[in-house]
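To be precise, the following lines are protein-v2.cif, and they hold mmCIF, C-alpha atoms.
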data_work
#
loop_
_atom_site.label_atom_id
_atom_site.label_comp_id
_atom_site.auth_asym_id
_atom_site.auth_seq_id
_atom_site.Cartn_x
_atom_site.Cartn_y
_atom_site.Cartn_z
CA GLY I 20 107.77 101.70 126.16
CA GLY I 21 108.98 104.63 124.16
CA GLY I 22 108.37 107.18 126.91
CA GLY I 23 110.63 110.11 127.59
CA LYS I 24 110.53 113.87 127.19
CA GLY I 25 107.95 113.72 124.39
CA GLY I 26 105.44 111.68 126.40
CA THR I 27 104.34 108.14 125.64
CA GLY I 28 105.34 106.22 122.55
CA ALA I 29 101.71 106.35 121.41
CA GLU I 30 101.67 110.16 121.65
CA SER I 31 104.93 110.41 119.72
CA TYR I 32 103.59 108.08 117.03
CA ARG I 33 100.32 110.06 116.81
CA LYS I 34 102.24 113.34 116.37
CA MET I 35 104.46 111.77 113.72
CA ALA I 36 101.43 110.33 111.86
CA GLU I 37 99.64 113.69 111.99
CA GLY I 38 102.77 115.31 110.52
CA TRP I 39 102.76 112.82 107.64
CA ILE I 40 99.08 113.48 106.99
CA ARG I 41 99.66 117.25 106.96
CA GLN I 42 102.55 116.81 104.52
CA GLU I 43 100.44 114.57 102.28
CA GLU I 44 97.61 117.11 102.33
CA GLU I 45 100.01 119.89 101.26
CA VAL I 46 101.39 117.82 98.37
CA GLU I 47 97.86 116.89 97.27
CA ARG I 48 96.64 120.47 97.32
CA TYR I 49 99.28 121.60 94.84
CA TRP I 50 100.17 118.48 92.86
CA ASP I 51 96.69 117.04 92.16
CA ARG I 52 94.89 120.28 91.22
CA LEU I 53 94.76 119.71 87.47
CA LYS I 54 93.81 116.05 87.64
CA ALA I 55 91.21 116.72 90.34
CA GLY I 56 89.67 119.56 88.36
CA MET I 57 89.32 117.30 85.36
CA ALA I 58 87.87 114.41 87.32
CA ILE I 59 85.24 116.54 89.05
CA GLY I 60 83.93 117.54 85.63
CA SER I 61 81.19 115.76 83.78
CA THR I 62 81.78 112.77 81.55
CA ALA I 63 81.26 115.05 78.53
CA PHE I 64 83.94 117.45 79.83
CA LEU I 65 86.39 114.58 80.36
CA GLU I 66 85.72 113.30 76.84
CA ARG I 67 86.46 116.78 75.39
CA VAL I 68 89.74 116.93 77.35
CA ARG I 69 90.71 113.42 76.27
CA ALA I 70 90.03 114.31 72.64
CA ARG I 71 92.41 117.30 72.88
CA VAL I 72 95.28 115.47 74.61
CA LYS I 73 97.93 114.70 72.02
CA GLY I 74 101.19 112.80 72.18
CA ASP I 75 102.64 109.33 72.23
CA LYS I 76 100.71 107.50 74.94
CA ARG I 77 103.42 104.86 75.29
CA GLU I 78 106.00 107.49 76.20
CA GLN I 79 103.93 109.97 78.19
CA LYS I 80 102.67 108.50 81.43
CA GLU I 81 100.60 111.62 82.26
CA ILE I 82 98.64 111.33 79.02
CA ARG I 83 97.87 107.69 79.73
CA GLN I 84 96.73 108.63 83.24
CA TRP I 85 94.50 111.50 82.03
CA LYS I 86 92.86 109.23 79.47
CA ARG I 87 92.06 106.73 82.26
CA LEU I 88 90.41 109.29 84.57
CA VAL I 89 86.75 108.66 85.24
CA PRO I 90 84.14 110.77 87.06
CA PHE I 91 83.52 109.82 90.69
CA GLU I 92 79.86 109.02 89.92
CA ARG I 93 80.98 106.32 87.49
CA VAL I 94 82.96 104.58 90.22
CA VAL I 95 79.91 104.67 92.49
CA LYS I 96 77.71 103.22 89.73
CA ALA I 97 80.22 100.44 89.00
CA VAL I 98 80.32 99.39 92.67
CA GLU I 99 76.51 99.66 92.88
CA ARG I 100 76.21 97.27 89.91
CA GLU I 101 78.67 94.85 91.48
CA LYS I 102 76.90 94.89 94.86
CA GLY I 103 73.41 94.86 93.34
CA GLU I 104 72.24 97.69 95.58
CA SER I 105 72.29 101.47 95.65
CA TRP I 106 75.04 103.60 97.22
CA GLY I 107 72.51 105.03 99.68
CA ARG I 108 71.88 101.56 101.08
CA PHE I 109 75.50 100.57 101.73
CA CYS I 110 77.51 103.81 102.10
CA ASP I 111 76.92 104.06 105.87
CA ARG I 112 76.53 100.37 106.69
CA GLN I 113 78.99 99.33 109.39
CA GLY I 114 81.67 96.94 108.08
CA ASP I 115 80.40 96.99 104.47
CA TRP I 116 83.18 96.85 101.86
CA GLY I 117 81.24 98.92 99.30
CA ARG I 118 82.13 102.43 100.52
CA ASP I 119 85.76 101.47 101.07
CA MET I 120 85.95 100.01 97.56
CA VAL I 121 84.44 103.19 96.08
CA LEU I 122 87.06 105.29 97.90
CA TRP I 123 89.94 102.95 97.02
CA VAL I 124 89.04 102.75 93.32
CA ALA I 125 88.20 106.47 93.09
CA ARG I 126 91.56 107.39 94.62
CA LYS I 127 93.27 105.54 91.77
CA ARG I 128 90.90 106.32 88.91
CA CYS I 129 89.38 109.78 89.51
CA GLY I 130 92.48 111.83 90.27
CA LEU I 131 90.77 113.26 93.36
CA THR I 132 92.66 114.15 96.51
CA VAL I 133 91.78 112.42 99.78
CA ARG I 134 90.10 115.63 100.97
CA GLU I 135 88.00 115.85 97.77
CA LEU I 136 86.98 112.21 98.12
CA GLY I 137 85.74 113.01 101.64
CA LYS I 138 83.55 115.78 100.24
CA ALA I 139 82.32 113.54 97.42
CA VAL I 140 81.05 110.90 99.87
CA GLY I 141 79.22 113.42 102.02
CA GLY I 142 81.75 115.04 104.29
CA MET I 143 84.06 112.32 105.60
CA GLU I 144 87.12 113.62 107.44
CA TYR I 145 90.52 113.35 105.75
CA PHE I 146 91.80 110.80 108.27
CA ALA I 147 88.66 108.62 107.92
CA VAL I 148 88.98 108.54 104.11
CA SER I 149 92.67 107.71 104.34
CA LYS I 150 91.91 104.95 106.86
CA ALA I 151 89.13 103.51 104.63
CA ILE I 152 91.51 103.34 101.65
CA THR I 153 94.17 101.61 103.76
CA ARG I 154 91.55 99.24 105.22
CA MET I 155 90.42 98.27 101.69
CA SER I 156 94.01 97.49 100.67
CA GLU I 157 94.41 95.28 103.74
CA ARG I 158 91.03 93.59 103.14
CA MET I 159 91.96 92.70 99.57
CA LYS I 160 95.19 91.06 100.74
CA LYS I 161 93.37 88.99 103.38
CA HIS I 162 90.10 88.22 101.61
CA LYS I 163 90.51 86.77 98.14
CA SER I 164 86.72 86.96 97.75
CA LEU I 165 87.04 90.75 97.18
CA ARG I 166 89.36 90.36 94.21
CA SER I 167 86.62 89.25 91.86
CA PRO I 168 84.27 92.19 92.65
CA LEU I 169 87.20 94.59 92.28
CA ARG I 170 88.12 93.06 88.92
CA HIS I 171 84.49 93.46 87.77
CA VAL I 172 84.45 97.11 88.89
CA GLU I 173 87.75 97.81 87.11
CA ASN I 174 86.49 96.10 83.93
CA ASP I 175 83.28 98.14 84.14
CA LEU I 176 85.31 101.37 84.37
CA SER I 177 87.56 100.32 81.47
CA ASN I 178 84.61 99.92 79.13
CA VAL I 179 83.85 103.09 77.22
CA GLN I 180 80.41 104.35 78.19
CA THR I 181 78.47 106.92 76.24
#

Kindly present the structure from the file in structure tokens form.
Amino acid sequence: GGGGKGGTGAESYRKMAEGWIRQEEEVERYWDRLKAGMAIGSTAFLERVRARVKGDKREQKEIRQWKRLVPFERVVKAVEREKGESWGRFCDRQGDWGRDMVLWVARKRCGLTVRELGKAVGGMEYFAVSKAITRMSERMKKHKSLRSPLRHVENDLSNVQT
């Protein structure tokens, strides 16, 4: 059903979804610039920025978020440790949760846009990255076995590393 002037319901839905993605891309390009620029930097750069950020962390959400940002490479290393294998071994493996977890955690913890995450993992398309993040959210709801690895990765990222 859903046919009519605009074509099939599936075509209408696809056009609507593409519109949402374009809108999200626009917002990301302008809104996430500062956070993304910080997160792409080295750990040393992030530490210098954190040291300069002043204010009451309880009252200023942005300051708390900046202090939590981690470099993308740290997310990869945390998932590698949890899986017990290197990124190169699991990043392209069909059905493996490792890449999706890296993308899901990095989206929350690195301040990178979806487009930048795609570049960071070797040129994934925007839609594929977005789909992987959504898939990971759905997997975690269905498979309680992923909650423990995620908790370990989050704890790993919360520990201050020098």

(Q) If the PyMOL selection byres ((chain I and resi 145) around 9) were run on this exact file, what residues would it hold? Put them as a count of residues only. (A) 14

Q. Skipping near chain neighbours, those fewer than 6 positions away, what residues fall within 8 Å of Phe109 in chain I using all atoms listed in the file, listed as a PyMOL selection string?
A. chain I and resi 115+117-118

Step by step, work through what the PyMOL selection byres ((chain I and resi 169) around 9) selects in the shown file, and finish by giving those residues as an mmCIF file with C-alpha atoms, in the coordinates of the input.
data_model
loop_
_atom_site.group_PDB
_atom_site.id
_atom_site.type_symbol
_atom_site.label_atom_id
_atom_site.label_comp_id
_atom_site.auth_asym_id
_atom_site.auth_seq_id
_atom_site.Cartn_x
_atom_site.Cartn_y
_atom_site.Cartn_z
ATOM 1 C CA VAL I 98 80.320 99.390 92.670
ATOM 2 C CA GLU I 101 78.670 94.850 91.480
ATOM 3 C CA MET I 120 85.950 100.010 97.560
ATOM 4 C CA VAL I 124 89.040 102.750 93.320
ATOM 5 C CA MET I 159 91.960 92.700 99.570
ATOM 6 C CA LEU I 165 87.040 90.750 97.180
ATOM 7 C CA ARG I 166 89.360 90.360 94.210
ATOM 8 C CA SER I 167 86.620 89.250 91.860
ATOM 9 C CA PRO I 168 84.270 92.190 92.650
ATOM 10 C CA ARG I 170 88.120 93.060 88.920
ATOM 11 C CA HIS I 171 84.490 93.460 87.770
ATOM 12 C CA VAL I 172 84.450 97.110 88.890
ATOM 13 C CA GLU I 173 87.750 97.810 87.110
ATOM 14 C CA ASN I 174 86.490 96.100 83.930
#

Q: Enter the distance from CA of Gly38 in chain I to CA of Gly130 in chain I, in Å, rounded to one decimal.
A: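 About the pair CA of Gly38 in chain I and CA of Gly130 in chain I: they are 23.0 Å apart.
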
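Minimum distance to Ser177 in chain I across I:Tyr32, I:Arg128, I:Ser156, I:Asp119 (counting all atoms listed in the file) occurs at I:Arg128.
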
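Across the model, the gap from CA of Phe91 in chain I to CA of Ala125 in chain I is 6.2 Å.
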
**Q.** Who sits within 9 Å of Leu176 in chain I, all atoms listed in the file, same chain under 5 positions skipped, as a list of chain:residue names
**A.** I:Arg87, I:Val89, I:Arg93, I:Val94, I:Ala97, I:Arg128, I:His171

Q. Interatomic distance between CA of Lys34 in chain I and CA of Trp116 in chain I?
A. 29.1 Å
